[in-house]
Every structure is written in structure tokens, then in C-alpha cells.
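Asker: One structure, pasted below without further comment.
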Amino acid sequence: MKTLAFGAFALALTTAGAASAQTPQPQINHGAPVTGVCVLNLEGVIRASTAGQAVSARMQALQQEVAVELAPYQTTIQQEDAALAQSGASLPADQRQQRAQALQARFAEYQQLGQTRERELQYTASLQQRALFAAADPVIASIYQSRGCSILLDRSSVYLTNPAMDISETVLQQLNSQVPSLPNFNRTPVPVQQQQ
């Protein structure tokens with residue numbers, strides 16, 4: 001089964017964050033903060049938030065549940081394939097063909113189930129990501145207003161900025177205190193209209 005995009009994305013973000021934390025940053029003298037211009041690392045805030053970490057941990061648990069669910073299918077298919085290969089020459093051609101077709105049908109069912117579970121995990125991850133961003137919106141709006149921001153730039157689009165203009169840490173602290181977690185969730189079936 002393909003690696004879930006959400007998990008790969010989270011791993012890439014974690015790896016990139018660890019690599020940048022190990023690289024010494026040069027000392028930079030910033031100019032004066034620009035009044036009304038604020039910067040936010042929203043992805044970093046979501047990733048570092050207690051709610052974001054809980055969502056990530058739950059998604060990993062759901063991925064593990066799917067792997068456990070699919071493992072017996074894969075084992076059975078591998079065993080049947082090995083048995084067919086071992087007794088293939090001694091079986092009459094029609095029996096060998098019937099067993100091969102049955103094995104192909106089981107493999108197709110396994111693949112279909114794996115694809116369904118992967119879509120469910122991706123859909124669940126997207127729902128939770130939207131919920132995290134929705135929870136952060138009022139916190140961001142409040143800090144935006146209290147800081148007197150006229151424009152809020154995404155930190156990923158800005159190469160360097162004066163740290164005094166960055167509201168990320170304040171957003172993270174308030175998000176953690178106001179939304180320490182999201183409601184518990186399970187794998188969500190993809191609505192029929194979105195499957196097509």
C-alpha cells in the first residue's frame with residue numbers, strides 16, 4: 001500500500017525541521033520592524049501545537065490499524081501463491097488455472113480494500129487539517145488585531161524577517177491554551193460524491 005501522503009508530509013516536515021535546527025544560523029542584524037506588517041508560520045504552529053501533535057499521533061495509530069487489518073490478507077495471498085507455485089506442475093492445467101484466477105481475484109480484493117483504506121485515511125487527514133486551521137483562525141484574528149497588523153504574510157513566502165514582526169509563537173501559545181485538542185476521531189469513509 002502506498003505511504004499515506006499525510007504521514008510522508010509530516011515526516012518530511014519533521015526531518016526538515018530537525019535538519020534546520022542542527023545547522024547554525026548566521027547572526028543577522030535586522031532593520032526596524034515595519035509597522036502593520038506581521039508574519040506567521042502557520043504550518044509550523046499547527047505542527048507544534050498540542051492539538052496538531054495529537055492529530056498526527058492519531059493518524060499514525062489509524063495507519064497502524066489499517067496495516068494490521070490488511071496483513072492477514074497479504075499473508076494469505078503470499079501463502080496461496082507459494083502453494084500454487086510449489087504444486088503448479090503437478091496440478092492439471094484446468095485446476096492450476098482455477099486456482100490462479102481465484103488468487104488473482106483475492107489479490108484484486110486486497111488491492112481494492114487497501115485503496116479504499118488509503119482514501120479514507122487521506123480524507124480523514126484532510127478533515128482534521130481543516131479542523132486545525134479552523135481552530136487557529138479566531139486565535140490568529142485576535143492576535144492580528146491586538147498587534148495592529150495591516151497585512152499578515154506567510155512565513156514560508158518570506159525569506160527573512162525581523163523576529164519582532166513574527167506572531168507565530170504568540171499564536172502557538174494561545175492556540176495551545178484555547179484549543180489543547182480536537183475531539184477524538186476515527187477513520188472516515190469518503191462520501192460517495194467525492195469518490196468519483
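Residues are named by chain letter and number: chains run A, B, ... in the order of the C-alpha cells, numbers start at 1 in each chain, and ligands are numbered from 1 in the order shown.
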Any idea what's packed within 12 Å of A:Asn29, counting only C-alpha atoms, ignoring anything in its chain fewer than 2 positions away? Could you give it as a list in words?
Answerer: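 Counting only C-alpha atoms, the residues come to Pro26, Gln27, Gly31, Ala32, Pro33, Leu160, Thr161, Asn162 and Pro163 of chain A.
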Asker: Just write the chosen residues, all heavy atoms, as an mmCIF file, in the first residue's frame.
Answerer:
```cif
data_model
loop_
_atom_site.group_PDB
_atom_site.id
_atom_site.type_symbol
_atom_site.label_atom_id
_atom_site.label_comp_id
_atom_site.auth_asym_id
_atom_site.auth_seq_id
_atom_site.Cartn_x
_atom_site.Cartn_y
_atom_site.Cartn_z
ATOM 1 N N PRO A 26 23.519 32.088 10.688
ATOM 2 C CA PRO A 26 24.396 33.249 10.813
ATOM 3 C C PRO A 26 23.707 34.365 11.599
ATOM 4 O O PRO A 26 22.482 34.479 11.595
ATOM 5 C CB PRO A 26 24.625 33.672 9.356
ATOM 6 C CG PRO A 26 23.451 33.129 8.616
ATOM 7 C CD PRO A 26 23.042 31.874 9.343
ATOM 8 N N GLN A 27 24.494 35.157 12.297
ATOM 9 C CA GLN A 27 23.959 36.306 13.038
ATOM 10 C C GLN A 27 23.535 37.369 12.036
ATOM 11 O O GLN A 27 24.316 37.763 11.180
ATOM 12 C CB GLN A 27 25.028 36.859 13.990
ATOM 13 C CG GLN A 27 24.559 37.999 14.855
ATOM 14 C CD GLN A 27 23.456 37.597 15.817
ATOM 15 O OE1 GLN A 27 23.390 36.459 16.251
ATOM 16 N NE2 GLN A 27 22.576 38.518 16.131
ATOM 17 N N GLY A 31 16.654 45.170 10.210
ATOM 18 C CA GLY A 31 16.209 46.555 10.252
ATOM 19 C C GLY A 31 15.041 46.681 11.212
ATOM 20 O O GLY A 31 14.588 45.703 11.801
ATOM 21 N N ALA A 32 14.541 47.869 11.365
ATOM 22 C CA ALA A 32 13.417 48.120 12.272
ATOM 23 C C ALA A 32 12.183 47.377 11.779
ATOM 24 O O ALA A 32 11.974 47.228 10.572
ATOM 25 C CB ALA A 32 13.136 49.620 12.339
ATOM 26 N N PRO A 33 11.351 46.893 12.711
ATOM 27 C CA PRO A 33 10.113 46.235 12.295
ATOM 28 C C PRO A 33 9.246 47.205 11.495
ATOM 29 O O PRO A 33 9.211 48.398 11.784
ATOM 30 C CB PRO A 33 9.432 45.874 13.611
ATOM 31 C CG PRO A 33 10.465 46.003 14.667
ATOM 32 C CD PRO A 33 11.497 46.946 14.157
ATOM 33 N N LEU A 160 13.547 36.223 4.909
ATOM 34 C CA LEU A 160 13.978 36.717 6.217
ATOM 35 C C LEU A 160 13.005 37.780 6.686
ATOM 36 O O LEU A 160 12.425 38.509 5.881
ATOM 37 C CB LEU A 160 15.381 37.335 6.154
ATOM 38 C CG LEU A 160 16.555 36.390 5.958
ATOM 39 C CD1 LEU A 160 17.839 37.171 5.759
ATOM 40 C CD2 LEU A 160 16.700 35.453 7.147
ATOM 41 N N THR A 161 12.865 37.866 7.987
ATOM 42 C CA THR A 161 12.006 38.895 8.559
ATOM 43 C C THR A 161 12.514 39.253 9.939
ATOM 44 O O THR A 161 13.168 38.436 10.601
ATOM 45 C CB THR A 161 10.542 38.425 8.630
ATOM 46 O OG1 THR A 161 9.726 39.491 9.055
ATOM 47 C CG2 THR A 161 10.370 37.263 9.559
ATOM 48 N N ASN A 162 12.209 40.426 10.375
ATOM 49 C CA ASN A 162 12.548 40.834 11.728
ATOM 50 C C ASN A 162 11.698 40.001 12.678
ATOM 51 O O ASN A 162 10.472 39.957 12.542
ATOM 52 C CB ASN A 162 12.256 42.332 11.908
ATOM 53 C CG ASN A 162 12.714 42.840 13.248
ATOM 54 O OD1 ASN A 162 12.500 42.212 14.273
ATOM 55 N ND2 ASN A 162 13.359 44.000 13.241
ATOM 56 N N PRO A 163 12.323 39.319 13.644
ATOM 57 C CA PRO A 163 11.552 38.479 14.567
ATOM 58 C C PRO A 163 10.451 39.234 15.322
ATOM 59 O O PRO A 163 9.466 38.614 15.736
ATOM 60 C CB PRO A 163 12.612 37.951 15.538
ATOM 61 C CG PRO A 163 13.906 38.068 14.807
ATOM 62 C CD PRO A 163 13.766 39.243 13.895
#
```
Asker: Quick one: pull the distance between atom CA of A:Gln101 and atom CA of A:Ala82, Å, one decimal.
Answerer: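 Those two atoms sit 14.5 Å apart.
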Asker: Return the single residue from A:Gln79, A:Gln98, A:Ser56, A:Gln122 that is closest to A:Asn184, with distances computed using only C-alpha atoms.
Answerer: A:Ser56
Asker: Running DSSP on the backbone, which parts of stretch 27-162 of chain A land in strand (DSSP E), as a list in words?
Answerer: Val37, Cys38, Val39, Leu40, Ile151, Leu152, Leu153 and Asp154 of chain A
Asker: Can you pull out every residue within 12 Å of A:Glu109, counting only C-alpha atoms, but drop anything in the same chain fewer than 6 positions away, and send it as a PyMOL selection string?
Answerer: chain A and resi 70+73-74+77+102-103+115-116
Asker: Enumerate the residues of stretch 26-188 of chain A with a DSSP assignment of helix (DSSP H, G or I), computed from the backbone, and present them as a ChimeraX atom specification.
Answerer: /A:42-48,50-87,93-146,155-157,163-165,168-178
Asker: Residues within 9 Å of A:Val55, please, as a PyMOL selection string. Count only C-alpha atoms; anything in the same chain fewer than 6 positions from it doesn't count.
Answerer: chain A and resi 125+128-129+132+181-182+184-185
Asker: Expressed in Å to a single decimal, how great is the separation between atom CA of A:Ala134 and atom CA of A:Met165?
Answerer: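 Calculated distance between atom CA of A:Ala134 and atom CA of A:Met165 is 22.9 Å.
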Asker: Which of these, A:Asn41, A:Ile151, A:Gln53, A:Gly114, has the shortest distance to A:Val68 once you count only C-alpha atoms?
Answerer: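 Of all the options, A:Gly114 lies closest to A:Val68.
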Asker: Write out as a ChimeraX atom specification the residues lying within 12 Å of A:Ala48, counting only C-alpha atoms and excluding same-chain residues fewer than 4 positions away.
Answerer: /A:10,13-14,17,41-44,52-56,132,168-169,171-173,175-176,180
